[in-house]
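Q: The following file, start-v8.csv, comprises CSV, C-alpha atoms:
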```csv
chain,number,residue,atom,x,y,z
A,659,MET,CA,-3.2,18.7,-8.0
A,660,ASP,CA,-4.3,21.2,-10.6
A,661,TYR,CA,-5.5,19.4,-13.8
A,662,ARG,CA,-3.2,21.5,-16.0
A,663,LYS,CA,-0.2,20.5,-13.9
A,664,ARG,CA,-1.0,16.8,-13.7
A,665,ASP,CA,1.7,14.5,-14.9
A,666,ARG,CA,0.0,12.3,-17.5
A,667,ALA,CA,2.6,9.6,-17.3
A,668,LEU,CA,1.9,9.2,-13.6
A,669,ASP,CA,-1.8,9.0,-14.3
A,670,VAL,CA,-1.2,6.3,-16.9
A,671,VAL,CA,0.9,4.3,-14.4
A,672,ARG,CA,-1.7,4.7,-11.7
A,673,GLY,CA,-4.4,3.5,-14.2
A,674,ILE,CA,-2.2,0.4,-14.9
A,675,CYS,CA,-2.0,-0.3,-11.2
A,676,ILE,CA,-5.8,-0.1,-10.8
A,677,ILE,CA,-6.3,-2.5,-13.8
A,678,SER,CA,-3.7,-4.8,-12.3
A,679,MET,CA,-5.6,-4.9,-8.9
A,680,VAL,CA,-9.0,-5.4,-10.6
A,681,ILE,CA,-7.7,-8.3,-12.7
A,682,ARG,CA,-6.0,-9.9,-9.7
A,683,HIS,CA,-9.2,-9.8,-7.6
A,684,MET,CA,-11.7,-10.5,-10.4
A,685,SER,CA,-9.9,-13.3,-12.3
A,686,TYR,CA,-7.2,-14.7,-9.9
A,687,GLY,CA,-5.3,-17.6,-11.5
A,688,SER,CA,-6.6,-16.9,-15.0
A,689,PHE,CA,-4.3,-16.7,-18.1
A,690,LEU,CA,-4.7,-12.9,-18.0
A,691,ASP,CA,-3.8,-12.7,-14.4
A,692,THR,CA,-0.7,-14.9,-14.6
A,693,GLY,CA,0.4,-13.1,-17.7
A,694,ILE,CA,0.2,-9.6,-16.3
A,695,HIS,CA,1.7,-10.7,-12.9
A,696,ALA,CA,4.5,-12.8,-14.3
A,697,PRO,CA,6.9,-11.7,-11.6
A,698,PHE,CA,4.8,-12.8,-8.6
A,699,TRP,CA,6.2,-10.2,-6.3
A,700,ILE,CA,4.9,-7.3,-8.5
A,701,ASP,CA,1.3,-6.2,-8.2
A,702,GLY,CA,-0.8,-3.1,-8.6
A,703,ALA,CA,-1.3,-2.5,-4.9
A,704,PHE,CA,2.4,-1.8,-4.2
A,705,GLY,CA,2.5,0.5,-7.2
A,706,PHE,CA,-0.7,2.3,-6.2
A,707,VAL,CA,0.6,3.0,-2.7
A,708,PHE,CA,4.0,4.1,-3.9
A,709,LEU,CA,2.4,6.5,-6.4
A,710,SER,CA,0.1,7.8,-3.7
A,711,GLY,CA,3.1,8.8,-1.6
A,712,LEU,CA,4.9,10.1,-4.7
A,713,VAL,CA,2.1,12.4,-5.9
A,714,LEU,CA,1.4,13.5,-2.3
A,715,GLY,CA,5.0,14.6,-1.9
A,716,MET,CA,4.9,16.5,-5.2
A,717,MET,CA,1.7,18.2,-4.3
A,718,GLU,CA,2.8,19.3,-0.8
A,719,ARG,CA,6.2,20.6,-2.0
A,720,ARG,CA,4.3,22.6,-4.7
A,721,ALA,CA,1.9,23.9,-2.0
A,722,LEU,CA,4.9,24.9,0.2
A,723,GLN,CA,6.5,26.8,-2.8
A,724,THR,CA,3.3,28.6,-3.7
A,725,THR,CA,1.7,29.3,-0.3
A,726,GLY,CA,4.6,28.8,2.1
A,727,GLN,CA,2.6,26.2,4.0
A,728,VAL,CA,2.2,22.4,4.0
A,729,ARG,CA,-1.5,21.6,3.8
A,730,TYR,CA,-1.7,19.6,7.1
A,731,ARG,CA,-5.4,20.4,7.4
A,732,LYS,CA,-6.2,18.9,4.0
A,733,LEU,CA,-4.3,15.7,4.8
A,734,ILE,CA,-6.3,15.3,8.0
A,735,ASP,CA,-9.5,16.1,6.1
A,736,ARG,CA,-8.7,13.3,3.6
A,737,ALA,CA,-8.0,10.9,6.5
A,738,GLU,CA,-11.3,11.8,8.1
A,739,LEU,CA,-13.1,11.2,4.8
A,740,LEU,CA,-11.6,7.8,4.4
A,741,PHE,CA,-12.4,7.0,8.0
A,742,LEU,CA,-16.0,7.9,7.5
A,743,ILE,CA,-16.2,5.8,4.3
A,744,ASN,CA,-14.5,2.9,6.1
A,745,PHE,CA,-16.9,3.1,9.1
A,746,GLY,CA,-19.9,3.4,6.8
A,747,LEU,CA,-18.9,0.3,4.8
A,748,LEU,CA,-18.2,-1.7,7.9
A,749,ALA,CA,-21.6,-0.7,9.4
A,750,LEU,CA,-23.3,-1.8,6.2
A,751,ALA,CA,-21.3,-5.0,6.1
A,752,LEU,CA,-22.5,-5.7,9.7
A,753,ILE,CA,-26.1,-5.1,8.8
A,754,VAL,CA,-25.9,-7.3,5.8
A,755,GLY,CA,-23.8,-9.9,7.5
A,756,GLN,CA,-26.3,-10.2,10.4
A,757,ASN,CA,-29.0,-11.3,8.0
A,758,ALA,CA,-26.8,-13.3,5.6
A,759,ALA,CA,-26.0,-17.0,5.6
A,760,PRO,CA,-23.3,-18.0,8.0
A,761,ALA,CA,-21.1,-19.0,5.0
A,762,ALA,CA,-21.1,-15.4,3.7
A,763,ASP,CA,-17.8,-13.8,4.1
A,764,LEU,CA,-19.1,-10.8,6.1
A,765,PRO,CA,-18.6,-9.7,9.7
A,766,ARG,CA,-21.4,-10.4,12.1
A,767,ALA,CA,-22.1,-8.4,15.2
A,768,SER,CA,-22.8,-11.5,17.2
A,769,SER,CA,-19.2,-12.6,16.6
A,770,PHE,CA,-17.9,-9.5,18.4
A,771,ASP,CA,-20.1,-9.4,21.6
A,772,GLY,CA,-22.9,-7.4,20.0
A,773,TRP,CA,-23.5,-4.2,18.1
A,774,TRP,CA,-21.9,-1.7,20.5
A,775,SER,CA,-18.7,-3.7,20.6
A,776,SER,CA,-18.7,-4.2,16.8
A,777,LEU,CA,-19.2,-0.5,16.2
A,778,TRP,CA,-16.4,0.4,18.7
A,779,LEU,CA,-14.1,-2.0,16.8
A,780,ALA,CA,-15.1,-0.3,13.6
A,781,ALA,CA,-14.5,3.2,15.0
A,782,THR,CA,-11.0,2.2,16.2
A,783,LEU,CA,-10.1,0.6,12.9
A,784,GLN,CA,-10.0,-2.9,14.6
A,785,LEU,CA,-13.0,-4.6,13.1
A,786,PRO,CA,-11.9,-7.5,10.8
A,787,ALA,CA,-13.6,-7.5,7.4
A,788,ARG,CA,-12.3,-9.2,4.4
A,789,HIS,CA,-11.3,-6.9,1.5
A,790,LEU,CA,-11.9,-3.8,3.8
A,791,ASP,CA,-8.5,-3.7,5.5
A,792,ILE,CA,-6.7,-1.3,3.1
A,793,LEU,CA,-8.9,1.7,4.0
A,794,PRO,CA,-7.8,1.7,7.7
A,795,MET,CA,-4.2,1.5,6.5
A,796,TYR,CA,-4.7,4.6,4.3
A,797,VAL,CA,-6.2,6.5,7.3
A,798,VAL,CA,-3.1,5.8,9.3
A,799,LEU,CA,-0.8,6.7,6.4
A,800,LEU,CA,-2.4,10.0,5.8
A,801,VAL,CA,-2.4,10.9,9.5
A,802,ALA,CA,1.3,9.9,9.7
A,803,SER,CA,2.1,11.9,6.6
A,804,THR,CA,1.6,15.1,8.5
A,805,GLY,CA,4.6,14.3,10.7
A,806,ALA,CA,6.5,13.2,7.6
A,807,PHE,CA,6.0,16.5,5.8
A,808,ALA,CA,6.8,18.4,9.0
A,809,LEU,CA,10.2,16.7,9.0
A,810,LEU,CA,10.7,17.3,5.2
A,811,ARG,CA,9.8,21.0,5.6
A,812,ARG,CA,12.6,21.3,8.2
A,813,GLY,CA,15.0,19.5,5.9
A,814,LYS,CA,15.2,16.3,8.0
A,815,LEU,CA,15.1,13.9,5.1
A,816,ALA,CA,17.7,11.5,6.5
A,817,ALA,CA,15.9,11.5,9.9
A,818,LEU,CA,12.6,10.7,8.2
A,819,ALA,CA,14.1,7.9,6.1
A,820,ALA,CA,15.8,6.4,9.1
A,821,LEU,CA,12.5,6.6,11.2
A,822,SER,CA,10.5,5.0,8.4
A,823,CYS,CA,13.1,2.2,8.0
A,824,GLY,CA,13.0,1.6,11.8
A,825,VAL,CA,9.2,1.3,11.8
A,826,TYR,CA,9.4,-1.1,8.8
A,827,LEU,CA,11.9,-3.3,10.6
A,828,LEU,CA,9.8,-3.3,13.7
A,829,ALA,CA,6.7,-4.2,11.7
A,830,LEU,CA,8.5,-7.1,10.1
A,831,GLN,CA,9.7,-8.4,13.5
A,832,TRP,CA,6.4,-7.9,15.3
A,833,PRO,CA,3.6,-7.6,12.7
A,834,SER,CA,0.9,-8.0,15.2
A,835,LEU,CA,1.6,-4.5,16.5
A,836,THR,CA,1.0,-2.8,13.2
A,837,VAL,CA,-1.7,-4.8,11.4
A,838,LEU,CA,-5.1,-3.1,11.1
A,839,PRO,CA,-7.6,-4.5,11.6
A,840,ALA,CA,-6.6,-7.1,14.2
A,841,LEU,CA,-7.2,-10.4,12.3
A,842,GLN,CA,-7.0,-14.0,13.2
A,843,GLU,CA,-3.8,-15.9,12.7
A,844,SER,CA,-5.2,-17.6,9.6
A,845,GLN,CA,-6.1,-14.3,8.0
A,846,ALA,CA,-3.8,-11.9,6.2
A,847,GLY,CA,-4.1,-8.1,6.7
A,848,PHE,CA,-2.2,-5.1,5.4
A,849,ASN,CA,0.6,-4.2,7.8
A,850,TRP,CA,0.6,-0.4,7.8
A,851,GLY,CA,4.0,-0.4,9.6
A,852,ALA,CA,5.5,-2.2,6.6
A,853,TRP,CA,3.5,-0.4,3.9
A,854,GLN,CA,4.4,3.0,5.3
A,855,PHE,CA,8.0,2.4,4.1
A,856,PRO,CA,7.4,2.6,0.3
A,857,PHE,CA,4.8,5.3,0.9
A,858,VAL,CA,7.2,7.5,2.9
A,859,ILE,CA,10.1,6.9,0.6
A,860,ALA,CA,7.9,7.8,-2.4
A,861,ALA,CA,6.8,10.9,-0.6
A,862,ILE,CA,10.5,11.9,-0.1
A,863,VAL,CA,11.1,11.3,-3.8
A,864,GLY,CA,8.0,13.3,-4.7
A,865,TRP,CA,9.1,16.1,-2.4
A,866,ASN,CA,12.4,16.4,-4.2
A,867,TRP,CA,11.1,15.5,-7.7
A,868,GLU,CA,12.0,18.8,-9.3
A,869,GLN,CA,15.1,19.5,-7.3
A,870,TRP,CA,16.6,16.2,-8.2
A,871,ARG,CA,15.4,16.5,-11.8
A,872,LEU,CA,14.1,13.0,-11.7
A,873,ARG,CA,11.7,13.4,-14.6
A,874,ASP,CA,14.5,14.2,-17.0
A,875,THR,CA,16.6,11.3,-15.6
A,876,LEU,CA,13.8,8.7,-16.0
A,877,LEU,CA,13.0,9.8,-19.6
A,878,THR,CA,16.6,9.0,-20.8
A,879,LYS,CA,17.2,6.0,-23.0
A,880,ALA,CA,19.5,4.5,-20.4
A,881,ALA,CA,16.7,4.5,-17.8
A,882,LEU,CA,14.3,3.0,-20.3
A,883,TYR,CA,16.7,0.2,-21.3
A,884,ILE,CA,17.5,-0.6,-17.7
A,885,SER,CA,13.8,-0.7,-16.7
A,886,ALA,CA,12.8,-2.9,-19.6
A,887,GLY,CA,15.8,-5.2,-19.1
A,888,THR,CA,15.1,-5.5,-15.4
A,889,PHE,CA,11.4,-6.3,-16.0
A,890,VAL,CA,12.2,-9.0,-18.6
A,891,THR,CA,14.9,-10.5,-16.4
A,892,LEU,CA,12.6,-10.7,-13.4
A,893,SER,CA,9.8,-12.1,-15.4
A,894,ILE,CA,11.9,-14.9,-16.7
A,895,LEU,CA,13.3,-15.5,-13.2
A,896,ALA,CA,9.7,-15.7,-11.8
A,897,GLN,CA,8.7,-18.2,-14.4
A,898,LEU,CA,11.7,-20.4,-13.7
A,899,LEU,CA,11.0,-20.3,-10.0
A,900,GLY,CA,7.4,-21.1,-10.6
A,901,ARG,CA,8.4,-24.3,-12.3
A,902,PHE,CA,9.8,-25.7,-9.1
A,903,ASN,CA,6.8,-27.3,-7.3
A,904,LEU,CA,8.2,-27.1,-3.8
A,905,PRO,CA,6.3,-28.9,-1.0
A,906,PRO,CA,4.6,-26.6,1.6
A,907,GLY,CA,7.3,-27.5,4.3
A,908,ALA,CA,10.3,-26.9,2.1
A,909,PRO,CA,12.7,-24.3,3.6
A,910,MET,CA,13.1,-22.6,0.2
A,911,ARG,CA,9.3,-22.1,-0.1
A,912,ALA,CA,9.1,-20.7,3.4
A,913,TRP,CA,12.0,-18.3,2.7
A,914,ALA,CA,10.4,-17.2,-0.6
A,915,SER,CA,7.1,-16.7,1.2
A,916,ASP,CA,8.6,-14.4,3.8
A,917,TRP,CA,10.9,-12.6,1.4
A,918,PHE,CA,8.2,-11.7,-1.0
A,919,ASP,CA,5.3,-11.5,1.3
A,920,LYS,CA,2.7,-9.0,0.1
A,921,TYR,CA,0.9,-8.0,3.3
A,922,ASN,CA,4.1,-7.4,5.2
A,923,ILE,CA,6.0,-6.1,2.2
A,924,GLY,CA,8.8,-8.5,2.4
A,925,PRO,CA,12.3,-7.2,1.5
A,926,GLY,CA,12.3,-8.9,-1.8
A,927,ARG,CA,9.4,-6.8,-3.0
A,928,LEU,CA,11.3,-3.6,-2.1
A,929,ILE,CA,14.4,-4.7,-3.8
A,930,PHE,CA,12.9,-6.0,-7.0
```
Show the structure stored in the file as structure tokens.

A:
Amino acid sequence: MDYRKRDRALDVVRGICIISMVIRHMSYGSFLDTGIHAPFWIDGAFGFVFLSGLVLGMMERRALQTTGQVRYRKLIDRAELLFLINFGLLALALIVGQNAAPAADLPRASSFDGWWSSLWLAATLQLPARHLDILPMYVVLLVASTGAFALLRRGKLAALAALSCGVYLLALQWPSLTVLPALQESQAGFNWGAWQFPFVIAAIVGWNWEQWRLRDTLLTKAALYISAGTFVTLSILAQLLGRFNLPPGAPMRAWASDWFDKYNIGPGRLIF
């Protein structure tokens, strides 16, 4: 996006999302972490992915208006770059992990039938590596976005939304089909089939940002009051729910865990 045409408000929100993710990973459970993430179903990762789709939709609609074309090649180039970065990081992690202590949280080639098998898993986005599972998801999202923008260009907004919703429901029912990398049962990984839903919906919104005059709507006092009131209400609700120390086997706890699950984007996260 051209610097002169950047929306500073979106840049600020994206920066807040990055700060949120850094605090969550660097100081989990601290006073700062619990204060910022008072509603436990809100985190920077969701906002960052949503904004990625939103900005991408705005950029591609602007490209279509100025050049008459959606920049499919640029989307693939971005996916290729992320793929190479992901592969390089995994290769480095394998090298370091091979010489690190067994307790180190790094992949080891010996655990995946040797180097060739490990590199093949890395090349096919299937090599499990802690904290390196979001890049494969972004590779898939960018590649899939070419099809999404092809539908938007043809005015198939409803078809795209329905398709995205269908993939989301499929991913919730059978998450093993859409989790990259393929992790063990005890591990959690980003489910691209679920995360594509907010990404695609945001891309649809970004594509129609100017046509729907959303910026003007969101800057109204009514929108501000509704947003602030909703955030305060949800924060209070989250604190009240957090006071109930439910045992691990309690039905309510299991329901809340599924409803607000982060890696599979539980429906509660979408609604709230």

Q: Interatomic distance between CA of Thr782 (chain A) and CA of Val825 (chain A)?

A: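 So the answer is 20.7 Å.
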
Q: What's the separation between CA of Pro925 (chain A) and CA of Ala860 (chain A), in Å to one decimal place?

A: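 CA of Ala860 (chain A) lies 16.1 Å from CA of Pro925 (chain A).
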
Q: Could you list, as an MDAnalysis selection string, every residue within 12 Å of region 748-755 of chain A, counting only C-alpha atoms and ignoring same-chain residues fewer than 3 positions away?

A: chainID A and resid 741:745 758:770 772:791 793:794 839

Q: Could you check how far CA of Ala806 (chain A) sits from CA of Val713 (chain A), in Å to one decimal?

A: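 These two atoms are separated by 14.2 Å.
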
Q: Might you pull out every residue within 7 Å of region 849-858 of chain A, with all atoms listed in the file counted and same-chain residues fewer than 5 positions away left off, and present them as a list of chain:residue names?

A: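 Here the qualifying residues turn out to be A:Val707, A:Phe708, A:Gly711, A:Met795, A:Leu799, A:Ser822, A:Cys823, A:Val825, A:Tyr826, A:Ala829, A:Leu830, A:Pro833, A:Thr836, A:Val837, A:Leu838, A:Tyr921, A:Asn922, A:Ile923.
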
Q: Would you put the residues from that selection into a file with C-alpha atoms, as an mmCIF file, in the coordinates of the input?

A:
```cif
data_model
loop_
_atom_site.group_PDB
_atom_site.id
_atom_site.type_symbol
_atom_site.label_atom_id
_atom_site.label_comp_id
_atom_site.auth_asym_id
_atom_site.auth_seq_id
_atom_site.Cartn_x
_atom_site.Cartn_y
_atom_site.Cartn_z
ATOM 1 C CA VAL A 707 0.600 3.000 -2.700
ATOM 2 C CA PHE A 708 4.000 4.100 -3.900
ATOM 3 C CA GLY A 711 3.100 8.800 -1.600
ATOM 4 C CA MET A 795 -4.200 1.500 6.500
ATOM 5 C CA LEU A 799 -0.800 6.700 6.400
ATOM 6 C CA SER A 822 10.500 5.000 8.400
ATOM 7 C CA CYS A 823 13.100 2.200 8.000
ATOM 8 C CA VAL A 825 9.200 1.300 11.800
ATOM 9 C CA TYR A 826 9.400 -1.100 8.800
ATOM 10 C CA ALA A 829 6.700 -4.200 11.700
ATOM 11 C CA LEU A 830 8.500 -7.100 10.100
ATOM 12 C CA PRO A 833 3.600 -7.600 12.700
ATOM 13 C CA THR A 836 1.000 -2.800 13.200
ATOM 14 C CA VAL A 837 -1.700 -4.800 11.400
ATOM 15 C CA LEU A 838 -5.100 -3.100 11.100
ATOM 16 C CA TYR A 921 0.900 -8.000 3.300
ATOM 17 C CA ASN A 922 4.100 -7.400 5.200
ATOM 18 C CA ILE A 923 6.000 -6.100 2.200
#
```

Q: Ranking A:Arg927, A:Arg720, A:Ser915, A:Gly824 by minimum distance to Gln869 (chain A) and counting all atoms listed in the file, which one comes first?

A: A:Arg720
